[in-house]
>>> print(open('coords15.json').read())   # JSON, C-alpha atoms
[["chain", "number", "residue", "atom", "x", "y", "z"],
["A", 483, "MET", "CA", 7.84, 29.09, -17.55],
["A", 484, "GLU", "CA", 8.58, 27.73, -14.07],
["A", 485, "ASN", "CA", 12.29, 27.20, -13.57],
["A", 486, "ASN", "CA", 12.45, 26.17, -9.90],
["A", 487, "LYS", "CA", 14.50, 23.06, -9.36],
["A", 488, "GLN", "CA", 13.19, 21.14, -6.36],
["A", 489, "ARG", "CA", 13.86, 17.70, -4.92],
["A", 490, "TYR", "CA", 11.05, 15.18, -5.38],
["A", 491, "THR", "CA", 10.51, 11.76, -3.87],
["A", 492, "ILE", "CA", 8.47, 9.37, -6.00],
["A", 493, "GLY", "CA", 7.21, 5.93, -4.99],
["A", 494, "ILE", "CA", 6.35, 3.41, -7.69],
["A", 495, "LEU", "CA", 4.74, -0.02, -7.37],
["A", 496, "VAL", "CA", 5.61, -2.27, -10.32],
["A", 497, "GLN", "CA", 5.39, -5.87, -11.39],
["A", 498, "ASN", "CA", 8.70, -7.55, -10.52],
["A", 499, "ARG", "CA", 9.85, -8.35, -14.06],
["A", 500, "PRO", "CA", 13.20, -8.04, -15.85],
["A", 501, "GLY", "CA", 13.87, -4.60, -17.31],
["A", 502, "VAL", "CA", 11.25, -2.63, -15.34],
["A", 503, "LEU", "CA", 13.81, -0.71, -13.29],
["A", 504, "ALA", "CA", 15.86, 0.01, -16.42],
["A", 505, "ARG", "CA", 12.78, 1.43, -18.18],
["A", 506, "VAL", "CA", 12.00, 3.73, -15.23],
["A", 507, "VAL", "CA", 15.62, 4.93, -15.10],
["A", 508, "GLY", "CA", 15.69, 5.40, -18.88],
["A", 509, "LEU", "CA", 12.51, 7.45, -18.77],
["A", 510, "LEU", "CA", 13.98, 9.85, -16.20],
["A", 511, "SER", "CA", 17.37, 10.17, -17.86],
["A", 512, "GLY", "CA", 15.70, 10.67, -21.24],
["A", 513, "ARG", "CA", 13.91, 13.72, -19.83],
["A", 514, "GLY", "CA", 17.12, 15.14, -18.32],
["A", 515, "PHE", "CA", 16.33, 14.28, -14.70],
["A", 516, "ASN", "CA", 19.19, 13.29, -12.46],
["A", 517, "ILE", "CA", 18.40, 10.43, -10.09],
["A", 518, "GLU", "CA", 19.87, 11.43, -6.73],
["A", 519, "ASN", "CA", 19.09, 8.03, -5.25],
["A", 520, "ILE", "CA", 16.97, 5.01, -6.05],
["A", 521, "THR", "CA", 15.99, 1.89, -4.16],
["A", 522, "ALA", "CA", 14.00, -1.11, -5.28],
["A", 523, "ALA", "CA", 12.86, -4.13, -3.29],
["A", 524, "GLU", "CA", 10.05, -6.63, -3.23],
["A", 525, "THR", "CA", 7.03, -5.65, -1.11],
["A", 526, "ASN", "CA", 4.98, -7.82, 1.23],
["A", 527, "GLU", "CA", 3.15, -8.99, -1.90],
["A", 528, "PRO", "CA", 5.25, -11.47, -3.90],
["A", 529, "GLY", "CA", 5.86, -10.30, -7.45],
["A", 530, "ILE", "CA", 5.41, -6.60, -6.61],
["A", 531, "THR", "CA", 8.40, -4.28, -6.22],
["A", 532, "ARG", "CA", 8.43, -0.84, -4.63],
["A", 533, "ILE", "CA", 10.81, 1.63, -6.26],
["A", 534, "THR", "CA", 11.58, 4.82, -4.36],
["A", 535, "LEU", "CA", 13.52, 7.49, -6.18],
["A", 536, "VAL", "CA", 14.65, 11.00, -5.42],
["A", 537, "THR", "CA", 15.21, 13.41, -8.28],
["A", 538, "SER", "CA", 15.20, 17.14, -8.88],
["A", 539, "GLY", "CA", 13.65, 19.36, -11.49],
["A", 540, "ASP", "CA", 10.75, 21.71, -12.00],
["A", 541, "ARG", "CA", 7.14, 20.84, -11.17],
["A", 542, "ARG", "CA", 5.91, 20.78, -14.79],
["A", 543, "VAL", "CA", 8.46, 18.23, -15.93],
["A", 544, "LEU", "CA", 7.88, 16.13, -12.79],
["A", 545, "SER", "CA", 4.19, 15.96, -13.66],
["A", 546, "GLN", "CA", 5.10, 14.66, -17.14],
["A", 547, "ILE", "CA", 7.45, 12.06, -15.63],
["A", 548, "VAL", "CA", 4.73, 10.77, -13.28],
["A", 549, "LYS", "CA", 2.30, 10.48, -16.22],
["A", 550, "GLN", "CA", 4.88, 8.64, -18.33],
["A", 551, "ILE", "CA", 5.80, 6.21, -15.51],
["A", 552, "ASN", "CA", 2.08, 5.49, -15.09],
["A", 553, "LYS", "CA", 1.94, 4.50, -18.77],
["A", 554, "LEU", "CA", 4.70, 1.88, -18.45],
["A", 555, "VAL", "CA", 3.15, -1.58, -18.83],
["A", 556, "ASP", "CA", 4.38, -3.00, -15.53],
["A", 557, "THR", "CA", 3.52, 0.07, -13.41],
["A", 558, "LEU", "CA", 0.76, -0.52, -10.86],
["A", 559, "LYS", "CA", 0.77, 2.78, -8.97],
["A", 560, "VAL", "CA", 2.85, 5.99, -8.71],
["A", 561, "PHE", "CA", 3.03, 8.15, -5.58],
["A", 562, "ASP", "CA", 4.26, 11.73, -5.86],
["A", 563, "PHE", "CA", 5.19, 12.30, -2.23],
["A", 564, "SER", "CA", 5.28, 16.08, -2.68],
["A", 565, "GLU", "CA", 1.48, 15.94, -2.55],
["A", 566, "THR", "CA", 1.25, 14.22, 0.85],
["A", 567, "GLU", "CA", 2.97, 13.77, 4.19],
["A", 568, "PHE", "CA", 5.38, 10.85, 4.22],
["A", 569, "VAL", "CA", 7.93, 9.04, 6.31],
["A", 570, "ASP", "CA", 11.35, 8.39, 4.82],
["A", 571, "ARG", "CA", 14.45, 6.63, 6.07],
["A", 572, "GLU", "CA", 17.85, 5.71, 4.77],
["A", 573, "MET", "CA", 20.56, 3.53, 6.23],
["A", 574, "ALA", "CA", 24.25, 4.34, 6.06],
["A", 575, "LEU", "CA", 27.24, 2.22, 6.98],
["A", 576, "ILE", "CA", 30.09, 4.50, 8.00],
["A", 577, "LYS", "CA", 33.62, 3.28, 8.65],
["A", 578, "VAL", "CA", 35.35, 5.76, 10.93],
["A", 579, "ARG", "CA", 38.80, 5.97, 12.49],
["A", 580, "ALA", "CA", 38.67, 4.80, 16.09],
["A", 581, "GLU", "CA", 42.09, 5.23, 17.57],
["A", 582, "GLU", "CA", 42.57, 5.13, 21.32],
["A", 583, "GLY", "CA", 42.09, 8.90, 21.66],
["A", 584, "THR", "CA", 38.89, 9.10, 19.56],
["A", 585, "ARG", "CA", 36.95, 5.93, 20.49],
["A", 586, "ALA", "CA", 35.04, 7.56, 23.34],
["A", 587, "GLU", "CA", 33.96, 10.46, 21.10],
["A", 588, "VAL", "CA", 32.80, 8.06, 18.36],
["A", 589, "LEU", "CA", 30.77, 6.12, 20.95],
["A", 590, "ARG", "CA", 29.20, 9.36, 22.23],
["A", 591, "ILE", "CA", 28.11, 10.23, 18.69],
["A", 592, "VAL", "CA", 26.74, 6.69, 18.28],
["A", 593, "ASP", "CA", 24.73, 7.11, 21.48],
["A", 594, "ILE", "CA", 23.40, 10.59, 20.65],
["A", 595, "PHE", "CA", 22.18, 9.55, 17.20],
["A", 596, "ARG", "CA", 20.97, 6.06, 18.24],
["A", 597, "ALA", "CA", 23.36, 4.47, 15.79],
["A", 598, "LYS", "CA", 24.92, 1.01, 16.18],
["A", 599, "VAL", "CA", 28.49, -0.18, 16.10],
["A", 600, "VAL", "CA", 28.33, -3.19, 13.76],
["A", 601, "ASP", "CA", 32.04, -3.95, 13.37],
["A", 602, "VAL", "CA", 35.13, -3.24, 15.44],
["A", 603, "SER", "CA", 38.79, -3.53, 14.53],
["A", 604, "PRO", "CA", 41.90, -2.20, 16.28],
["A", 605, "HIS", "CA", 41.78, 1.10, 14.35],
["A", 606, "PHE", "CA", 38.24, 1.41, 12.94],
["A", 607, "TYR", "CA", 34.57, 1.18, 13.90],
["A", 608, "THR", "CA", 31.86, 0.54, 11.33],
["A", 609, "LEU", "CA", 28.61, 2.23, 12.30],
["A", 610, "GLU", "CA", 25.04, 1.71, 11.13],
["A", 611, "VAL", "CA", 22.96, 4.90, 11.10],
["A", 612, "THR", "CA", 19.29, 4.97, 10.12],
["A", 613, "GLY", "CA", 17.29, 8.15, 9.66],
["A", 614, "ASN", "CA", 16.28, 10.93, 7.31],
["A", 615, "ASP", "CA", 18.68, 12.99, 5.18],
["A", 616, "SER", "CA", 19.34, 15.58, 7.87],
["A", 617, "LYS", "CA", 20.18, 13.00, 10.55],
["A", 618, "ILE", "CA", 22.64, 11.18, 8.31],
["A", 619, "ALA", "CA", 24.20, 14.51, 7.23],
["A", 620, "ALA", "CA", 24.60, 15.56, 10.89],
["A", 621, "VAL", "CA", 26.27, 12.27, 11.84],
["A", 622, "MET", "CA", 28.59, 12.49, 8.84],
["A", 623, "GLU", "CA", 29.55, 16.07, 9.70],
["A", 624, "LEU", "CA", 30.54, 15.11, 13.26],
["A", 625, "LEU", "CA", 32.30, 11.91, 12.23],
["A", 626, "GLY", "CA", 34.07, 13.75, 9.42],
["A", 627, "GLN", "CA", 35.99, 15.71, 12.05],
["A", 628, "ILE", "CA", 37.24, 12.41, 13.49],
["A", 629, "GLY", "CA", 37.99, 10.72, 10.18],
["A", 630, "ILE", "CA", 35.51, 8.93, 7.92],
["A", 631, "VAL", "CA", 37.24, 6.23, 5.90],
["A", 632, "GLU", "CA", 34.35, 4.88, 3.83],
["A", 633, "ILE", "CA", 30.57, 5.24, 3.47],
["A", 634, "ALA", "CA", 27.90, 3.02, 1.90],
["A", 635, "ARG", "CA", 24.32, 4.33, 1.77],
["A", 636, "THR", "CA", 21.16, 2.44, 0.89],
["A", 637, "GLY", "CA", 19.14, 5.26, -0.61],
["A", 638, "LYS", "CA", 15.79, 6.48, 0.62],
["A", 639, "ALA", "CA", 12.76, 4.34, 1.35],
["A", 640, "ALA", "CA", 9.48, 6.22, 1.78],
["A", 641, "LEU", "CA", 5.83, 5.53, 2.63],
["A", 642, "ALA", "CA", 2.90, 7.90, 2.85],
["A", 643, "ARG", "CA", 1.75, 8.62, 6.40],
["A", 644, "SER", "CA", -1.32, 6.65, 7.43],
["A", 645, "LYS", "CA", -4.60, 8.46, 7.39],
["A", 646, "LYS", "CA", -7.31, 7.82, 9.97],
["A", 647, "HIS", "CA", -10.03, 5.48, 8.80]]
>>> encode(input="coords15.json", output="structure tokens")
Amino acid sequence: MENNKQRYTIGILVQNRPGVLARVVGLLSGRGFNIENITAAETNEPGITRITLVTSGDRRVLSQIVKQINKLVDTLKVFDFSETEFVDREMALIKVRAEEGTRAEVLRIVDIFRAKVVDVSPHFYTLEVTGNDSKIAAVMELLGQIGIVEIARTGKAALARSKKH
């Protein structure tokens, strides 16, 4: 029996109806999968929501989860991104100490990582960072040495890479 725990990103298109997200979450938790992050938002088509979730487990159980999500009444399509190339991004708001002696270093980090300063106060900067997991982790590691006060993350959004027509 395969016992490799891997991280998986799954995209799900569903009808935007009450309880759909709860049923997807219940299905995963009922099978013992931890949801590492989850996002849900309406797509360009009114009434259709895209759910992106990241979870971990072994390949066999993931296959069962995908099949079960496909059986949910309001599910339109499920994408197992481990089977294809995809683009993913997450946004993080990071409040960091910005005292007189550290402001220049914070601004250098902002510049290097193409982040944005979205709020300034006498002692803190709030930064917006968008990127993949490794970029956000790298920014947090550098800013952690200066003094992170608070973080809010959106969770991952993902789309399959376009194929040539």
>>> residues_around(input="coords15.json", residues="segment 535-551 of chain A", least_positions_apart="3", cutoff="6 Å", atoms="all atoms listed in the file", output="list in words")
Asn485, Asn486, Lys487, Gln488, Arg489, Tyr490, Thr491, Ile492, Asn516, Ile517, Glu518, Asn519, Ile520 and Leu554 of chain A
>>> atom_distance(input="coords15.json", atom1="atom CA of Ala620 of chain A", atom2="atom CA of Phe563 of chain A")
23.7 Å
>>> closest_residue(input="coords15.json", among="A:Arg505, A:Lys553, A:Lys617, A:Lys638", to="Ala522 of chain A", atoms="all atoms listed in the file")
A:Lys638
>>> residues_around(input="coords15.json", residues="Glu524 of chain A", least_positions_apart="4", cutoff="12 Å", atoms="all atoms listed in the file", output="JSON, numbers by chain")
{"A": [494, 495, 496, 497, 498, 499, 528, 529, 530, 531, 532, 533, 534]}
>>> residues_near_point(input="coords15.json", point="(28.5, 6.5, 20.2)", cutoff="12 Å", atoms="only C-alpha atoms", output="PyMOL selection string")
chain A and resi 578+580+584-600+607-611+621+624-625
>>> write_last_selection(input="coords15.json", atoms="C-alpha atoms", output="mmCIF file, keeping the file's coordinate frame")
data_model
loop_
_atom_site.group_PDB
_atom_site.id
_atom_site.type_symbol
_atom_site.label_atom_id
_atom_site.label_comp_id
_atom_site.auth_asym_id
_atom_site.auth_seq_id
_atom_site.Cartn_x
_atom_site.Cartn_y
_atom_site.Cartn_z
ATOM 1 C CA VAL A 578 35.350 5.760 10.930
ATOM 2 C CA ALA A 580 38.670 4.800 16.090
ATOM 3 C CA THR A 584 38.890 9.100 19.560
ATOM 4 C CA ARG A 585 36.950 5.930 20.490
ATOM 5 C CA ALA A 586 35.040 7.560 23.340
ATOM 6 C CA GLU A 587 33.960 10.460 21.100
ATOM 7 C CA VAL A 588 32.800 8.060 18.360
ATOM 8 C CA LEU A 589 30.770 6.120 20.950
ATOM 9 C CA ARG A 590 29.200 9.360 22.230
ATOM 10 C CA ILE A 591 28.110 10.230 18.690
ATOM 11 C CA VAL A 592 26.740 6.690 18.280
ATOM 12 C CA ASP A 593 24.730 7.110 21.480
ATOM 13 C CA ILE A 594 23.400 10.590 20.650
ATOM 14 C CA PHE A 595 22.180 9.550 17.200
ATOM 15 C CA ARG A 596 20.970 6.060 18.240
ATOM 16 C CA ALA A 597 23.360 4.470 15.790
ATOM 17 C CA LYS A 598 24.920 1.010 16.180
ATOM 18 C CA VAL A 599 28.490 -0.180 16.100
ATOM 19 C CA VAL A 600 28.330 -3.190 13.760
ATOM 20 C CA TYR A 607 34.570 1.180 13.900
ATOM 21 C CA THR A 608 31.860 0.540 11.330
ATOM 22 C CA LEU A 609 28.610 2.230 12.300
ATOM 23 C CA GLU A 610 25.040 1.710 11.130
ATOM 24 C CA VAL A 611 22.960 4.900 11.100
ATOM 25 C CA VAL A 621 26.270 12.270 11.840
ATOM 26 C CA LEU A 624 30.540 15.110 13.260
ATOM 27 C CA LEU A 625 32.300 11.910 12.230
#
>>> atom_distance(input="coords15.json", atom1="atom CA of Arg635 of chain A", atom2="atom CA of Gly501 of chain A")
23.5 Å
>>> atom_distance(input="coords15.json", atom1="atom CA of Ile630 of chain A", atom2="atom CA of Val569 of chain A")
27.6 Å
>>> closest_residue(input="coords15.json", among="A:Ser603, A:Thr525, A:Ser616, A:Ser511", to="Asp570 of chain A", atoms="only C-alpha atoms")
A:Ser616
>>> closest_residue(input="coords15.json", among="A:Val602, A:Val506, A:Gly613, A:Phe568", to="Ser644 of chain A", atoms="all atoms listed in the file")
A:Phe568
>>> closest_residue(input="coords15.json", among="A:Gly508, A:Gly514, A:Gly637, A:Gly626", to="Glu572 of chain A", atoms="all atoms listed in the file")
A:Gly637
>>> residues_around(input="coords15.json", residues="segment 565-567 of chain A", least_positions_apart="3", cutoff="9 Å", atoms="only C-alpha atoms", output="ChimeraX atom specification")
/A:561-562,641-644
>>> write_last_selection(input="coords15.json", atoms="C-alpha atoms", output="mmCIF file, keeping the file's coordinate frame")
data_model
loop_
_atom_site.group_PDB
_atom_site.id
_atom_site.type_symbol
_atom_site.label_atom_id
_atom_site.label_comp_id
_atom_site.auth_asym_id
_atom_site.auth_seq_id
_atom_site.Cartn_x
_atom_site.Cartn_y
_atom_site.Cartn_z
ATOM 1 C CA PHE A 561 3.030 8.150 -5.580
ATOM 2 C CA ASP A 562 4.260 11.730 -5.860
ATOM 3 C CA LEU A 641 5.830 5.530 2.630
ATOM 4 C CA ALA A 642 2.900 7.900 2.850
ATOM 5 C CA ARG A 643 1.750 8.620 6.400
ATOM 6 C CA SER A 644 -1.320 6.650 7.430
#
>>> closest_residue(input="coords15.json", among="A:Arg571, A:Arg579, A:Lys559, A:Arg513", to="Ala640 of chain A", atoms="only C-alpha atoms")
A:Arg571
>>> closest_residue(input="coords15.json", among="A:Pro500, A:Glu582, A:Glu527, A:Asp601", to="Asp556 of chain A", atoms="all atoms listed in the file")
A:Pro500
>>> decode(input="coords15.json", residues="segment 565-583 of chain A", atoms="N, CA and C atoms", output="short mmCIF file (atom, residue, chain, number, x, y, z; two decimals), in the first residue's frame")
data_model
loop_
_atom_site.label_atom_id
_atom_site.label_comp_id
_atom_site.auth_asym_id
_atom_site.auth_seq_id
_atom_site.Cartn_x
_atom_site.Cartn_y
_atom_site.Cartn_z
N GLU A 565 -1.68 16.40 -12.39
CA GLU A 565 -1.63 15.76 -13.70
C GLU A 565 -1.26 16.72 -14.82
N THR A 566 -1.06 17.99 -14.52
CA THR A 566 -0.81 18.98 -15.56
C THR A 566 0.05 20.12 -15.02
N GLU A 567 0.59 20.91 -15.93
CA GLU A 567 1.31 22.11 -15.51
C GLU A 567 0.28 23.18 -15.15
N PHE A 568 0.58 23.96 -14.11
CA PHE A 568 -0.36 24.99 -13.71
C PHE A 568 0.37 26.19 -13.15
N VAL A 569 -0.37 27.29 -13.11
CA VAL A 569 0.13 28.54 -12.54
C VAL A 569 -0.64 28.75 -11.24
N ASP A 570 0.08 29.08 -10.17
CA ASP A 570 -0.61 29.35 -8.91
C ASP A 570 -0.04 30.61 -8.28
N ARG A 571 -0.89 31.32 -7.58
CA ARG A 571 -0.51 32.53 -6.87
C ARG A 571 -1.30 32.63 -5.58
N GLU A 572 -0.69 33.35 -4.66
CA GLU A 572 -1.32 33.64 -3.38
C GLU A 572 -0.96 35.07 -3.04
N MET A 573 -1.79 35.73 -2.29
CA MET A 573 -1.48 37.08 -1.85
C MET A 573 -1.39 37.07 -0.33
N ALA A 574 -0.40 37.78 0.18
CA ALA A 574 -0.23 37.90 1.63
C ALA A 574 -0.13 39.37 2.00
N LEU A 575 -0.82 39.76 3.04
CA LEU A 575 -0.63 41.06 3.66
C LEU A 575 0.24 40.83 4.88
N ILE A 576 1.34 41.55 4.96
CA ILE A 576 2.30 41.35 6.05
C ILE A 576 2.56 42.70 6.72
N LYS A 577 2.20 42.78 8.00
CA LYS A 577 2.51 43.98 8.79
C LYS A 577 3.86 43.75 9.45
N VAL A 578 4.79 44.67 9.19
CA VAL A 578 6.16 44.51 9.66
C VAL A 578 6.59 45.77 10.41
N ARG A 579 7.45 45.59 11.39
CA ARG A 579 8.00 46.74 12.11
C ARG A 579 8.82 47.58 11.14
N ALA A 580 8.63 48.87 11.19
CA ALA A 580 9.38 49.78 10.31
C ALA A 580 9.83 50.98 11.12
N GLU A 581 10.75 50.72 12.00
CA GLU A 581 11.33 51.80 12.79
C GLU A 581 12.34 52.55 11.92
N GLU A 582 12.82 53.65 12.39
CA GLU A 582 13.73 54.48 11.60
C GLU A 582 14.93 53.68 11.08
N GLY A 583 15.47 52.80 11.88
CA GLY A 583 16.66 52.04 11.48
C GLY A 583 16.39 50.88 10.54
#
